[in-house]
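Undergrad: Dropping the structure in here first, questions after.
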Amino acid sequence: MNIYPPIEQRFSPFEFYSLMRKNNPVAFDEVNEQWGLYRYRDIEKILREPIKFSSKFGPFQVPQEYQENLNRPSLLNTDPPYHRKLRTIVDTLFVPIEISKLEPRIENIANELIDNIIEKDSATMDLITDFAYPLPATVIAELLGVPSEDQDTFRQWADNIVSLEITSDSDIDSIRKANKTVADMDIYFSKLIEKKKKMPTNDLISHIIRARVDGHSLSEKEILSFCSLLLNAGHVTTVNLIGNLVLSLLENPQEFKRLQENQNSLIKAAIEETLRYRSPVQFLFRIANADVTLSEEREGGRAGDEERVQIQKIQKGQGITLFLGSANHDESIFTDPERFDITRKNLRHLGFGTGIHFCLGAPLARLEGQIALRIILERFEKLQFNFDNSDRQDLHTKVSPLKSSFLLGLSHLPLRFQSKNNR
Ligand code: HEM
């Protein structure tokens with residue numbers, strides 16, 4: 001059984017997920033030798049058991065010679081106890097109180113980007129290229145201490161990596177391209193690391209170079225994989241949060257109106273609802289550390305109750321794909337899950353994962369999303385799609401979905417606007 005949504009449904013996989021939750025919530029894909037899990041409670045349980053379900057597993061199914069580069073160890077795919085030691089190095093820098101100090105700088109970057117858009121005088125923009133991409137890319141580059149002028153290169157690198165297929169379907173050219181990208185990133189960061197070793201500054205890379213684990217500095221390889229993880233994780237996801245947020249608001253004008261009328265109280269909620277409704281990261285991987293038995297719940301018991309009907313045995317060493325995008329639309333947790341509702345109560349989505357690997361950058365992503373939305377509302381009026389969406393059909397054929405199997409987002413979003421004369 002194919003556990004992944006068909007390619008043409010990648011931008012709206014929700015019907016597929018709904019059927020899987022109902023009929024095959026614990027499914028096995030013989031071709032890719034992967035289990036697929038779709039229900040919120042099953043996924044949450046696995047994410048909270050890092051000893052039984054390991055993260056030591058790169059997602060990409062590529063030939064052995066490419067494993068080292070494409071599935072290399074990093075904070076993201078390390079297990080306890082080493083994971084805690086690595087995470088401790090950066091944890092305190094990303095707590096909300098520290099991140100809130102970045103607010104004025106993020107606001108400046110966002111306003112400068114909007115100034116550039118307005119100065120073009122065409123009353124049109126590509127939200128992704130002109131705003132949603134450069135905002136988090138500039139912020140993470142500045143935090144790391146890498147030149148933000150290099151962000152066209154970062155975008156190309158990120159595209160080469162995220163477009164790689166997760167399954168064995170990747171063509172060899174894409175694998176080679178991604179492999180070369182990792183090698184290029186290593187060369188780029190090696191030079192920077194050398195410079196910062198000689199002249200440490202007050203940035204994240206210098207901080208990681210100085211860090212000690214059990215009395216030792218990190219190895220060159222560990223520093224390199226930390227740098228590329230933070231650079232990539234720090235922007236490829238947040239760009240999609242901002243893009244998916246604006247898309248969802250324009251697609252749901254009643255919600256947009258509510259937001260405009262109650263900005264102060266609804267901005268945070270709009271970000272959280274986007275993380276649920278169009279989760280930028282659609283799935284995660286784990287690997288079973290021992291044989292485990294999962295019972296499956298299916299509808300159809302007495303009086304329509306759910307009943308446990310089947311026992312699935314996951315064998316030691318088998319991979320499991322956890323569909324966060326499906327968990328976040330699970331009807332047993334969220335009322336009317338296919339509705340984008342910024343006044344939704346009980347928003348405990350899994351968009352940032354949960355457990356020990358819960359997203360390190362969540363406070364930063366949330367702050368960037370909130371500032372981006374506030375400034376969009378402050379500076380534009382009559383924001384609308386720059387294409388005909390009057391029929392409200394097949395939106396995904398009119399926008400440009402990102403080429404990625406695990407990220408949900410757009411590569412372009414053409415908009416029209418009127419700017420407010422408030423600056
Ligand atoms: C909307 C934006 C973001 C989303 C949706 C997102 C999503 C996620 C998810 C789902 C995980 C859990 C991975 C797992 O359990 O295997 C994760 C981990 C991580 N994220 Fe994010 N992320 C976002 C932004 C960021 C930012 C801005 C950073 C920058 C520092 C970042 C850095 C990380 C790191 C380093 C990890 C690994 C944490 C660990 O393994 O302990 N993320 N993210």
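Naming scheme: A, B, ... for chains in displayed order of the structure tokens; residues 1 onward per chain; ligands 1 onward as shown.
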Could you pull the residues within 8 Å of Leu241 of chain A, counting only C-alpha atoms, minus those fewer than 4 positions along the same chain, as number ranges by chain?
TA: A: 237, 245, 271, 274-275, 279-280, 369, 409
Undergrad: Using only C-alpha atoms and all ligand atoms, find each residue with an atom at most 6 Å away from ligand 1 and format the answer as a ChimeraX atom specification.
TA: /A:75-76,87,230,233-235,237-238,241,280-281,284,351-353,356-362,364-365
Undergrad: Taking only C-alpha atoms into account, which of A:Ala211, A:Pro134, A:Arg39, A:Ile117 comes nearest Ile333 of chain A?
TA: A:Arg39
Undergrad: Run DSSP on the backbone and tell me which residues of segment 334-393 of chain A come out as strand (DSSP E); list them as a list in words.
TA: Phe380, Glu381, Lys382, Leu383, Gln384 and Phe385 of chain A
Undergrad: Could the residues in this selection be saved with C-alpha atoms as a PDB file, in the first residue's frame?
TA:
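Everything below was put into part.pdb:
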ATOM      1  CA  PHE A 380      -1.282  46.883   2.964  1.00  0.00           C
ATOM      2  CA  GLU A 381      -4.942  47.144   2.241  1.00  0.00           C
ATOM      3  CA  LYS A 382      -6.969  45.286  -0.338  1.00  0.00           C
ATOM      4  CA  LEU A 383      -4.516  42.432  -0.418  1.00  0.00           C
ATOM      5  CA  GLN A 384      -5.709  39.894  -2.977  1.00  0.00           C
ATOM      6  CA  PHE A 385      -4.595  37.104  -5.291  1.00  0.00           C
TER       7      PHE A 385
END
Undergrad: Would you please work out which residue, of A:Glu107, A:Ser12, A:Asp394, A:Lys313, is nearest to Tyr277 of chain A when using only C-alpha atoms?
TA: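 For Tyr277 of chain A, the nearest of the candidates is A:Ser12.
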Undergrad: Leaving out segment 339-348 of chain A and any residue of its chain fewer than 5 positions from it, which residues lie within 12 Å of it when counting only C-alpha atoms, given as a PyMOL selection string?
TA: chain A and resi 14+40-41+44+244-260+262-263+265-278+327-331+333-334+353-354
Undergrad: Can I get the selected residues back with N, CA and C atoms, as a short mmCIF file (atom, residue, chain, number, x, y, z; two decimals), in the first residue's frame?
TA:
data_model
loop_
_atom_site.label_atom_id
_atom_site.label_comp_id
_atom_site.auth_asym_id
_atom_site.auth_seq_id
_atom_site.Cartn_x
_atom_site.Cartn_y
_atom_site.Cartn_z
N PHE A 14 -5.29 16.31 2.25
CA PHE A 14 -6.13 16.10 3.43
C PHE A 14 -7.23 15.05 3.24
N TYR A 40 -3.64 11.28 15.42
CA TYR A 40 -2.97 12.17 16.37
C TYR A 40 -2.39 11.40 17.56
N ARG A 41 -3.24 10.56 18.19
CA ARG A 41 -2.80 9.93 19.45
C ARG A 41 -1.64 8.96 19.22
N GLU A 44 1.53 11.13 18.52
CA GLU A 44 2.00 11.80 19.75
C GLU A 44 2.72 10.78 20.64
N ASN A 244 1.77 30.01 3.72
CA ASN A 244 0.52 29.26 3.97
C ASN A 244 -0.49 30.10 4.74
N LEU A 245 0.03 30.98 5.60
CA LEU A 245 -0.84 31.86 6.39
C LEU A 245 -1.58 32.83 5.47
N VAL A 246 -0.83 33.52 4.60
CA VAL A 246 -1.46 34.52 3.73
C VAL A 246 -2.41 33.81 2.75
N LEU A 247 -1.97 32.69 2.22
CA LEU A 247 -2.83 31.92 1.31
C LEU A 247 -4.15 31.55 2.01
N SER A 248 -4.05 31.05 3.22
CA SER A 248 -5.25 30.58 3.93
C SER A 248 -6.18 31.75 4.27
N LEU A 249 -5.59 32.92 4.59
CA LEU A 249 -6.43 34.08 4.89
C LEU A 249 -7.15 34.59 3.63
N LEU A 250 -6.43 34.62 2.51
CA LEU A 250 -7.06 35.12 1.28
C LEU A 250 -8.12 34.14 0.77
N GLU A 251 -7.89 32.89 1.06
CA GLU A 251 -8.84 31.86 0.64
C GLU A 251 -10.10 31.88 1.53
N ASN A 252 -9.95 32.44 2.72
CA ASN A 252 -11.07 32.47 3.69
C ASN A 252 -11.33 33.91 4.12
N PRO A 253 -11.96 34.71 3.24
CA PRO A 253 -12.09 36.15 3.50
C PRO A 253 -12.79 36.47 4.82
N GLN A 254 -13.72 35.60 5.25
CA GLN A 254 -14.40 35.89 6.53
C GLN A 254 -13.41 35.84 7.70
N GLU A 255 -12.44 34.94 7.60
CA GLU A 255 -11.42 34.86 8.66
C GLU A 255 -10.48 36.06 8.58
N PHE A 256 -10.18 36.49 7.35
CA PHE A 256 -9.31 37.65 7.15
C PHE A 256 -9.98 38.89 7.76
N LYS A 257 -11.29 39.00 7.54
CA LYS A 257 -12.02 40.15 8.06
C LYS A 257 -11.99 40.13 9.61
N ARG A 258 -12.25 38.97 10.17
CA ARG A 258 -12.21 38.83 11.63
C ARG A 258 -10.86 39.27 12.18
N LEU A 259 -9.82 38.86 11.48
CA LEU A 259 -8.46 39.20 11.92
C LEU A 259 -8.24 40.71 11.85
N GLN A 260 -8.70 41.32 10.74
CA GLN A 260 -8.49 42.77 10.60
C GLN A 260 -9.25 43.52 11.70
N ASN A 262 -9.95 42.35 14.75
CA ASN A 262 -9.45 42.02 16.11
C ASN A 262 -7.98 41.65 16.06
N GLN A 263 -7.20 42.52 15.43
CA GLN A 263 -5.79 42.17 15.21
C GLN A 263 -5.07 41.71 16.47
N SER A 265 -5.91 40.49 19.29
CA SER A 265 -6.21 39.21 19.95
C SER A 265 -6.07 38.02 19.00
N LEU A 266 -6.07 38.25 17.69
CA LEU A 266 -6.13 37.08 16.80
C LEU A 266 -4.84 36.77 16.02
N ILE A 267 -3.84 37.65 16.09
CA ILE A 267 -2.62 37.38 15.31
C ILE A 267 -1.97 36.07 15.73
N LYS A 268 -1.79 35.88 17.04
CA LYS A 268 -1.14 34.64 17.51
C LYS A 268 -1.96 33.43 17.10
N ALA A 269 -3.27 33.56 17.25
CA ALA A 269 -4.16 32.43 16.94
C ALA A 269 -4.11 32.08 15.45
N ALA A 270 -3.96 33.11 14.60
CA ALA A 270 -3.91 32.86 13.15
C ALA A 270 -2.64 32.08 12.80
N ILE A 271 -1.54 32.36 13.50
CA ILE A 271 -0.30 31.63 13.25
C ILE A 271 -0.49 30.16 13.67
N GLU A 272 -1.06 29.96 14.86
CA GLU A 272 -1.22 28.58 15.35
C GLU A 272 -2.18 27.79 14.46
N GLU A 273 -3.24 28.46 13.99
CA GLU A 273 -4.20 27.74 13.14
C GLU A 273 -3.55 27.37 11.80
N THR A 274 -2.64 28.23 11.31
CA THR A 274 -1.94 27.89 10.06
C THR A 274 -1.03 26.69 10.28
N LEU A 275 -0.35 26.67 11.43
CA LEU A 275 0.54 25.54 11.73
C LEU A 275 -0.25 24.24 11.79
N ARG A 276 -1.51 24.33 12.17
CA ARG A 276 -2.36 23.14 12.20
C ARG A 276 -2.91 22.83 10.80
N TYR A 277 -3.49 23.85 10.19
CA TYR A 277 -4.29 23.65 8.97
C TYR A 277 -3.42 23.32 7.76
N ARG A 278 -2.32 24.07 7.62
CA ARG A 278 -1.38 23.77 6.53
C ARG A 278 0.01 23.65 7.16
N ALA A 327 -2.32 14.17 11.58
CA ALA A 327 -2.64 14.31 13.01
C ALA A 327 -3.34 15.64 13.26
N ASN A 328 -2.88 16.68 12.57
CA ASN A 328 -3.43 18.02 12.78
C ASN A 328 -4.81 18.21 12.15
N HIS A 329 -5.28 17.18 11.43
CA HIS A 329 -6.64 17.22 10.88
C HIS A 329 -7.48 16.08 11.46
N ASP A 330 -7.02 15.51 12.57
CA ASP A 330 -7.71 14.35 13.16
C ASP A 330 -9.02 14.82 13.80
N GLU A 331 -10.13 14.30 13.30
CA GLU A 331 -11.44 14.73 13.79
C GLU A 331 -11.71 14.34 15.23
N ILE A 333 -9.73 14.96 17.56
CA ILE A 333 -9.07 15.99 18.37
C ILE A 333 -9.59 17.38 18.03
N PHE A 334 -9.79 17.63 16.72
CA PHE A 334 -10.17 18.97 16.27
C PHE A 334 -11.58 18.94 15.67
N GLY A 353 6.06 19.22 16.18
CA GLY A 353 6.40 17.95 16.80
C GLY A 353 6.07 18.00 18.29
N THR A 354 6.59 17.04 19.04
CA THR A 354 6.44 17.04 20.50
C THR A 354 7.51 16.13 21.07
#
Undergrad: For Leu324 of chain A, work out the shell of residues within 6 Å, counting only C-alpha atoms and skipping chain neighbours fewer than 2 positions away, then give it as a ChimeraX atom specification.
TA: /A:282-283,322,326-327
Undergrad: Could you write out, as a count of residues only, all the residues of segment 268-386 of chain A that DSSP marks as alpha helix (DSSP H)?
TA: 32
Undergrad: Would you please work out which residue, of A:Asn32, A:Thr129, A:Ser405, A:Ser174, is nearest to Gly243 of chain A when using only C-alpha atoms?
TA: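 Using only C-alpha atoms, Gly243 of chain A sits closest to A:Thr129.
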Undergrad: Using only C-alpha atoms, tabulate the residues of segment 102-182 of chain A lying at most 7 Å from any atom of segment 411-421 of chain A, each with its closest atom pair and that distance in Å to one decimal, by chain and increasing residue number, as CSV.
TA:
residue,atom,partner,partner_atom,distance
A:Ala123,CA,A:Phe417,CA,5.4
A:Thr124,CA,A:Arg416,CA,4.4
A:Met125,CA,A:Leu415,CA,5.4
A:Asp126,CA,A:Pro414,CA,4.4
A:Leu127,CA,A:Leu413,CA,5.3
A:Ile128,CA,A:His412,CA,5.3
A:Thr129,CA,A:His412,CA,6.8
Undergrad: Quick one: distance from atom CA of Met185 of chain A to atom CA of Ile89 of chain A in Å, one decimal?
TA: 21.8 Å
Undergrad: By how many Å are atom CA of Asp121 of chain A and atom CA of Glu103 of chain A apart?
TA: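 Distance reported for this atom pair: 28.0 Å.
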Undergrad: Can you list, as number ranges by chain, every protein, DNA or RNA residue that comes within 12 Å of Lys316 of chain A when you count only C-alpha atoms, leaving out same-chain residues fewer than 3 positions away?
TA: A: 52-54, 286-293, 313, 319-320
Undergrad: Taking 2 positions as the minimum chain separation for residues in the same chain, which residues sit within 9 Å of Leu135 of chain A when counting only C-alpha atoms? Answer as an MDAnalysis selection string.
TA: chainID A and resid 106 109:110 113 130:133 137:140 235 238:239 368 372
Undergrad: Counting only C-alpha atoms, which residues of segment 185-289 of chain A fall within 12 Å of segment 82-85 of chain A, and what is the closest atom pair for each with its distance in Å at one decimal, ordered by chain and rising number, as JSON lines?
TA:
{"residue": "A:Ala211", "atom": "CA", "partner": "A:Lys85", "partner_atom": "CA", "distance": 10.4}
{"residue": "A:Arg212", "atom": "CA", "partner": "A:Lys85", "partner_atom": "CA", "distance": 9.2}
{"residue": "A:Val213", "atom": "CA", "partner": "A:Lys85", "partner_atom": "CA", "distance": 6.4}
{"residue": "A:Asp214", "atom": "CA", "partner": "A:Lys85", "partner_atom": "CA", "distance": 8.3}
{"residue": "A:Gly215", "atom": "CA", "partner": "A:Lys85", "partner_atom": "CA", "distance": 11.2}
{"residue": "A:His216", "atom": "CA", "partner": "A:Lys85", "partner_atom": "CA", "distance": 11.5}
{"residue": "A:Ser217", "atom": "CA", "partner": "A:Lys85", "partner_atom": "CA", "distance": 11.9}
{"residue": "A:Leu218", "atom": "CA", "partner": "A:Lys85", "partner_atom": "CA", "distance": 10.9}
Undergrad: Can you write out the residues you just picked, keeping C-alpha atoms, as a CSV table (one decimal), in the first residue's frame?
TA:
chain,number,residue,atom,x,y,z
A,211,ALA,CA,30.7,24.7,23.3
A,212,ARG,CA,32.0,21.7,25.2
A,213,VAL,CA,30.3,18.3,25.5
A,214,ASP,CA,31.7,16.1,28.3
A,215,GLY,CA,34.7,18.4,28.4
A,216,HIS,CA,35.4,18.2,24.6
A,217,SER,CA,34.8,20.6,21.7
A,218,LEU,CA,32.5,19.4,19.0
Undergrad: Using only C-alpha atoms, which residues sit within 10 Å of Asn179 of chain A once same-chain residues fewer than 6 positions away are excluded, as a list in words?
TA: Glu65, Tyr66, Gln67, Glu68, Asn69, Leu70, Asn160, Ile161 and Asp173 of chain A
Undergrad: Provide the atom CA of Asn108 of chain A to atom CA of Lys120 of chain A distance in Å, to one decimal place.
TA: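 Taking atom CA of Asn108 of chain A and atom CA of Lys120 of chain A, their separation equals 18.7 Å.
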